[in-house]
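Q: Pasting in a structure now, in structure tokens, and then I'll have a few things to ask.
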There are 2 protein chains.
Amino acid sequence: MSPSSATGAGSPAGPGPVASADTGRVTGRSLAKASRRAALLSAAAKLFAERGFNGVSIEDLGSAAGVSGPAVYRHFSSKHAVLSALLTGVSQDLLDGGQAVVENSPGPEEALRGLIEFQVDFALRNPDVIRVHDRDLDSLPPEDSQAVRALQRAYVEVWVAVLSRVLPGQEPARLRVRAHAAFGLINSTPHITHRGKPVRDKIWRRNLLEQMAWAALKAE
Amino acid sequence: MSPSSATGAGSPAGPGPVASADTGRVTGRSLAKASRRAALLSAAAKLFAERGFNGVSIEDLGSAAGVSGPAVYRHFSSKHAVLSALLTGVSQDLLDGGQAVVENSPGPEEALRGLIEFQVDFALRNPDVIRVHDRDLDSLPPEDSQAVRALQRAYVEVWVAVLSRVLPGQEPARLRVRAHAAFGLINSTPHITHRGKPVRDKIWRRNLLEQMAWAALKAE
DNA sequence: AATTCAGGTTAGTGCGCATTAACCGAATTG
DNA sequence: CAATTCGGTTAATGCGCACTAACCTGAATT
């Protein structure tokens, strides 16, 4: 439910997870702060997914995390910064995870399988974040959204690199369309999910999506 | 570029395209009015796609259609009504088109092929509307969005009915996931499209998406 | 123990923007 | 050729909401 990493980007550049601002000490306060931050991001994922970025007020956000209103500004410099942190975190996780999958795979076919499984797993586990990402990325001020887009592009290129070894001789542009199509296919389930209820983890759904993605990517 | 039908829903229930409100006469004014309305819907599709429903003001909308500000209220009862008309129109078009395709097909395989081609064609021609539909459907007040969702569901059921003849014996729930996945795949291209520029109609793109969709739907 | 500081709180404040009011001139109508 | 209706205009109006101010309290630091 909660985004796994989602560090950085709250204050200008967080020195590391869980540490007091000036001294590097790990105090009781810094722990509390970190968990507040996490709670805020988690609430944000849920609320933004349900009602959209503009449908959620700072007050909503705060009280969903147990504090109320402007306390949010002790953790994020603006409402946009919350969204930014959320999307940056998730994009980074995807990129890291994708790279790890490829590195640990003996060959391109296995890598592609691994990427598919990874993406399906991610989409089924975090439908909220997927939805927010699809819908509200453009709500960010350009400079913020560029960072997210850069991560996104890098992730796509991970896929394209693998695809170019599985389907040698295909133009990169074609491969990029293939990758995007696969994302669209795999990420389609959040649209079925009815308003925020966690998708019950039917295994057949996971398998079906994997089969379809594989078939689509290898088509022709 | 402009949505094809998109009648109805402006005033409570438009009696028919292009006719003076009270008398059924086709006067010069009613023509002008109809074209204003069309211009507004077209502008709305473009602007909403670029900036999102909440990123577009009534003023923006009006001036993009050559009139300014509150004149919009002479054609739509509210900003939401504009979005509603847009999405209702497009959903109706899809449903009608899908049903027509199925009716004119000799058998299930041809019907499925036809549906795929129809959807790909639509997605490549109207990326704006696809994007608005994906992103801003939840910005509507519940009673409006239900109408759109109903049309959407009906369209999905057209696909499911065809799929159940192509893949006999599969549970409807599985087929529904397949249909949604196919939509996700096919509708993925608007996400590549860079900010409103019309997608140059590369044929290979169309063919590739059709191949992938077909492969995905028949997978396993 | 005295001091600092960080995270909360509750009141503003100000702006953007949807919607409404009041008014106009030209097409439609009888 | 009056009377009317309609689509347009510009000027309020009012609300929702992001953000700021001022203040409070208790943990961290010394």
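The chains in the structure tokens are called A, B, ... from first to last as shown; in each chain the residues are counted from 1, and the ligands are counted from 1 in the order shown.
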May I have the residues within 7 Å of range 62-72 of chain A as a CSV table (one decimal) with C-alpha atoms (C1' of nucleotides), in the first residue's frame, using only C-alpha atoms (C1' of nucleotides) and disregarding those fewer than 4 positions away in the same chain?
A:
chain,number,residue,atom,x,y,z
A,39,ALA,CA,2.0,8.7,6.5
A,40,LEU,CA,1.5,11.8,4.4
A,43,ALA,CA,-2.4,9.3,2.4
A,58,ILE,CA,-4.2,20.4,2.1
A,76,PHE,CA,6.8,19.6,2.3
C,8,DG,C1',2.0,21.5,15.9
Q: Sorted by chain and rising residue number, which residues of chain C lie within 12 Å of chain A, and what are their closest atom pairs and distances in Å to one decimal, counting only C-alpha atoms (C1' of nucleotides), as a tab-separated table?
A:
residue	atom	partner	partner_atom	distance
C:DC5	C1'	A:Ala21	CA	11.1
C:DA6	C1'	A:Arg29	CA	8.7
C:DG7	C1'	A:Arg74	CA	6.7
C:DG8	C1'	A:Ala71	CA	6.5
C:DT9	C1'	A:Ala71	CA	8.4
C:DT10	C1'	A:Gly69	CA	10.0
C:DA11	C1'	A:Pro70	CA	11.8
Q: So that I have them on file, write out the residues from the current selection with all heavy atoms, as a compact mmCIF listing (two decimals), in the first residue's frame.
A:
# COMPACT_ATOMS: atom_id res chain seq x y z
P DC C 5 18.64 27.68 17.72
OP1 DC C 5 19.93 27.56 17.02
OP2 DC C 5 17.84 28.94 17.63
O5' DC C 5 17.72 26.45 17.28
C5' DC C 5 17.92 25.19 17.90
C4' DC C 5 16.78 24.26 17.52
O4' DC C 5 15.80 24.24 18.60
C3' DC C 5 16.00 24.69 16.26
O3' DC C 5 15.61 23.52 15.59
C2' DC C 5 14.81 25.44 16.85
C1' DC C 5 14.53 24.54 18.07
N1 DC C 5 13.73 25.18 19.14
C2 DC C 5 12.94 24.37 19.98
O2 DC C 5 12.91 23.15 19.80
N3 DC C 5 12.20 24.96 20.96
C4 DC C 5 12.24 26.28 21.12
N4 DC C 5 11.53 26.80 22.12
C5 DC C 5 13.05 27.12 20.30
C6 DC C 5 13.76 26.52 19.32
P DA C 6 15.35 23.49 14.04
OP1 DA C 6 16.59 23.41 13.26
OP2 DA C 6 14.40 24.60 13.80
O5' DA C 6 14.58 22.10 13.88
C5' DA C 6 14.56 21.19 14.97
C4' DA C 6 13.18 20.57 15.10
O4' DA C 6 12.39 21.29 16.10
C3' DA C 6 12.34 20.64 13.82
O3' DA C 6 11.51 19.51 13.80
C2' DA C 6 11.54 21.93 13.99
C1' DA C 6 11.24 21.86 15.49
N9 DA C 6 11.01 23.15 16.13
C8 DA C 6 11.54 24.36 15.75
N7 DA C 6 11.15 25.35 16.53
C5 DA C 6 10.32 24.77 17.45
C6 DA C 6 9.59 25.28 18.55
N6 DA C 6 9.60 26.57 18.88
N1 DA C 6 8.86 24.41 19.28
C2 DA C 6 8.86 23.13 18.93
N3 DA C 6 9.51 22.51 17.93
C4 DA C 6 10.23 23.40 17.22
P DG C 7 10.92 19.00 12.50
OP1 DG C 7 11.53 17.70 12.17
OP2 DG C 7 10.95 20.10 11.52
O5' DG C 7 9.41 18.75 12.93
C5' DG C 7 9.15 17.92 14.05
C4' DG C 7 7.79 18.29 14.62
O4' DG C 7 7.87 19.63 15.20
C3' DG C 7 6.70 18.37 13.55
O3' DG C 7 5.55 17.72 14.05
C2' DG C 7 6.45 19.86 13.37
C1' DG C 7 6.77 20.38 14.77
N9 DG C 7 7.15 21.79 14.80
C8 DG C 7 7.96 22.47 13.93
N7 DG C 7 8.10 23.73 14.22
C5 DG C 7 7.33 23.91 15.36
C6 DG C 7 7.10 25.07 16.15
O6 DG C 7 7.54 26.22 15.97
N1 DG C 7 6.24 24.81 17.22
C2 DG C 7 5.70 23.59 17.50
N2 DG C 7 4.91 23.53 18.57
N3 DG C 7 5.92 22.49 16.78
C4 DG C 7 6.74 22.72 15.74
P DG C 8 4.43 17.18 12.98
OP1 DG C 8 4.46 15.74 12.99
OP2 DG C 8 4.55 17.95 11.70
O5' DG C 8 3.12 17.68 13.73
C5' DG C 8 3.17 18.96 14.26
C4' DG C 8 2.16 19.27 15.30
O4' DG C 8 2.76 20.35 16.05
C3' DG C 8 0.88 19.79 14.67
O3' DG C 8 -0.32 19.19 15.15
C2' DG C 8 0.85 21.27 15.02
C1' DG C 8 1.98 21.51 15.95
N9 DG C 8 2.80 22.59 15.35
C8 DG C 8 3.66 22.50 14.28
N7 DG C 8 4.21 23.64 13.96
C5 DG C 8 3.67 24.55 14.86
C6 DG C 8 3.87 25.94 14.99
O6 DG C 8 4.60 26.68 14.32
N1 DG C 8 3.12 26.47 16.03
C2 DG C 8 2.27 25.75 16.84
N2 DG C 8 1.63 26.43 17.78
N3 DG C 8 2.08 24.44 16.74
C4 DG C 8 2.80 23.91 15.72
P DT C 9 -1.70 19.76 14.39
OP1 DT C 9 -2.77 18.81 14.74
OP2 DT C 9 -1.45 20.09 12.98
O5' DT C 9 -1.96 21.14 15.17
C5' DT C 9 -1.97 21.14 16.61
C4' DT C 9 -2.55 22.46 17.10
O4' DT C 9 -1.50 23.49 17.00
C3' DT C 9 -3.68 22.91 16.18
O3' DT C 9 -4.91 23.09 16.86
C2' DT C 9 -3.22 24.23 15.59
C1' DT C 9 -2.02 24.64 16.38
N1 DT C 9 -1.02 25.16 15.41
C2 DT C 9 -0.72 26.50 15.40
O2 DT C 9 -1.19 27.31 16.17
N3 DT C 9 0.16 26.88 14.42
C4 DT C 9 0.77 26.08 13.48
O4 DT C 9 1.54 26.53 12.64
C5 DT C 9 0.40 24.68 13.56
C7 DT C 9 0.98 23.71 12.58
C6 DT C 9 -0.47 24.30 14.50
P DT C 10 -6.24 23.30 15.93
OP1 DT C 10 -7.26 22.38 16.42
OP2 DT C 10 -5.84 23.26 14.51
O5' DT C 10 -6.67 24.80 16.22
C5' DT C 10 -6.00 25.55 17.24
C4' DT C 10 -6.21 27.04 17.03
O4' DT C 10 -5.04 27.60 16.33
C3' DT C 10 -7.40 27.46 16.19
O3' DT C 10 -7.88 28.70 16.70
C2' DT C 10 -6.82 27.61 14.79
C1' DT C 10 -5.45 28.20 15.11
N1 DT C 10 -4.40 27.88 14.11
C2 DT C 10 -3.61 28.90 13.65
O2 DT C 10 -3.71 30.05 14.00
N3 DT C 10 -2.67 28.49 12.73
C4 DT C 10 -2.45 27.21 12.26
O4 DT C 10 -1.58 26.97 11.44
C5 DT C 10 -3.33 26.21 12.80
C7 DT C 10 -3.18 24.78 12.36
C6 DT C 10 -4.26 26.58 13.68
P DA C 11 -9.01 29.52 16.05
OP1 DA C 11 -9.76 30.25 17.10
OP2 DA C 11 -9.73 28.70 15.08
O5' DA C 11 -8.12 30.59 15.27
C5' DA C 11 -8.73 31.79 14.98
C4' DA C 11 -7.67 32.82 14.64
O4' DA C 11 -6.50 32.17 14.11
C3' DA C 11 -8.18 33.75 13.54
O3' DA C 11 -7.72 35.07 13.76
C2' DA C 11 -7.59 33.14 12.29
C1' DA C 11 -6.27 32.59 12.77
N9 DA C 11 -5.86 31.43 11.99
C8 DA C 11 -6.39 30.18 12.03
N7 DA C 11 -5.81 29.32 11.20
C5 DA C 11 -4.84 30.09 10.59
C6 DA C 11 -3.87 29.77 9.62
N6 DA C 11 -3.74 28.55 9.09
N1 DA C 11 -3.02 30.74 9.23
C2 DA C 11 -3.16 31.97 9.78
N3 DA C 11 -4.02 32.38 10.71
C4 DA C 11 -4.84 31.38 11.07
Q: Near chain A, meaning an atom within 6 Å, which residues of chain B appear when counting only C-alpha atoms? Write them as number ranges by chain.
A: B: 135, 181, 184-185, 188, 212, 215-216, 219
Q: List as a Markdown table every residue of chain D that is in contact with chain B, defined as an atom at most 10 Å from one of its atoms (using only C-alpha atoms (C1' of nucleotides)), together with the nearest atom pair and the distance in Å rounded to one decimal, sorted by chain and then rising number.
A:
| residue | atom | partner | partner_atom | distance |
| --- | --- | --- | --- | --- |
| D:DC6 | C1' | B:Arg29 | CA | 8.6 |
| D:DG7 | C1' | B:Arg74 | CA | 6.8 |
| D:DG8 | C1' | B:Ala71 | CA | 6.4 |
| D:DT9 | C1' | B:Ala71 | CA | 8.4 |
| D:DT10 | C1' | B:Gly69 | CA | 9.9 |
Q: Separation of CA of Asp128 in chain A and CA of Ala49 in chain A, in Å?
A: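 So the answer is 5.1 Å.
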Q: Just the number, please: distance in Å from CA of Lys202 in chain A to CA of Leu124 in chain A, one decimal.
A: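 Going from CA of Lys202 in chain A over to CA of Leu124 in chain A covers 9.8 Å.
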Q: Which residues are near Gly97 in chain B? Cut-off 10 Å, only C-alpha atoms (C1' of nucleotides), ignore same chain within fewer than 3 positions. Put them as an NGL selection string.
A: :B and (91-94 or 100-103 or 115 or 118-119 or 122 or 155)
Q: Can those selected residues be exported to a file as an mmCIF file, in the first residue's frame so that it contains N, CA and C atoms?
A:
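File produced: part-v5.cif:
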data_model
loop_
_atom_site.group_PDB
_atom_site.id
_atom_site.type_symbol
_atom_site.label_atom_id
_atom_site.label_comp_id
_atom_site.auth_asym_id
_atom_site.auth_seq_id
_atom_site.Cartn_x
_atom_site.Cartn_y
_atom_site.Cartn_z
ATOM 1 N N SER B 91 -18.112 8.712 -25.889
ATOM 2 C CA SER B 91 -18.464 7.365 -25.459
ATOM 3 C C SER B 91 -19.584 6.806 -26.333
ATOM 4 N N GLN B 92 -20.508 7.691 -26.674
ATOM 5 C CA GLN B 92 -21.599 7.256 -27.539
ATOM 6 C C GLN B 92 -21.064 6.865 -28.914
ATOM 7 N N ASP B 93 -20.158 7.677 -29.437
ATOM 8 C CA ASP B 93 -19.566 7.364 -30.732
ATOM 9 C C ASP B 93 -18.895 5.994 -30.720
ATOM 10 N N LEU B 94 -18.153 5.746 -29.641
ATOM 11 C CA LEU B 94 -17.460 4.458 -29.559
ATOM 12 C C LEU B 94 -18.459 3.314 -29.515
ATOM 13 N N ALA B 100 -21.789 -1.182 -34.701
ATOM 14 C CA ALA B 100 -21.861 -1.250 -36.163
ATOM 15 C C ALA B 100 -20.850 -2.256 -36.704
ATOM 16 N N VAL B 101 -19.643 -2.178 -36.166
ATOM 17 C CA VAL B 101 -18.607 -3.103 -36.621
ATOM 18 C C VAL B 101 -19.052 -4.542 -36.443
ATOM 19 N N VAL B 102 -19.582 -4.839 -35.259
ATOM 20 C CA VAL B 102 -19.970 -6.224 -34.975
ATOM 21 C C VAL B 102 -21.103 -6.660 -35.889
ATOM 22 N N GLU B 103 -22.076 -5.766 -36.090
ATOM 23 C CA GLU B 103 -23.223 -6.134 -36.920
ATOM 24 C C GLU B 103 -22.818 -6.437 -38.357
ATOM 25 N N LEU B 115 -13.135 -4.687 -34.464
ATOM 26 C CA LEU B 115 -13.127 -3.882 -33.237
ATOM 27 C C LEU B 115 -11.729 -3.331 -32.977
ATOM 28 N N PHE B 118 -11.015 -0.583 -35.413
ATOM 29 C CA PHE B 118 -11.826 0.579 -35.064
ATOM 30 C C PHE B 118 -11.223 1.329 -33.879
ATOM 31 N N GLN B 119 -10.867 0.596 -32.858
ATOM 32 C CA GLN B 119 -10.331 1.237 -31.659
ATOM 33 C C GLN B 119 -8.971 1.884 -31.931
ATOM 34 N N PHE B 122 -9.523 5.003 -33.862
ATOM 35 C CA PHE B 122 -10.066 6.051 -32.998
ATOM 36 C C PHE B 122 -8.987 6.651 -32.104
ATOM 37 N N TYR B 155 -19.905 -0.474 -24.002
ATOM 38 C CA TYR B 155 -18.881 -0.699 -25.032
ATOM 39 C C TYR B 155 -18.018 -1.898 -24.655
#
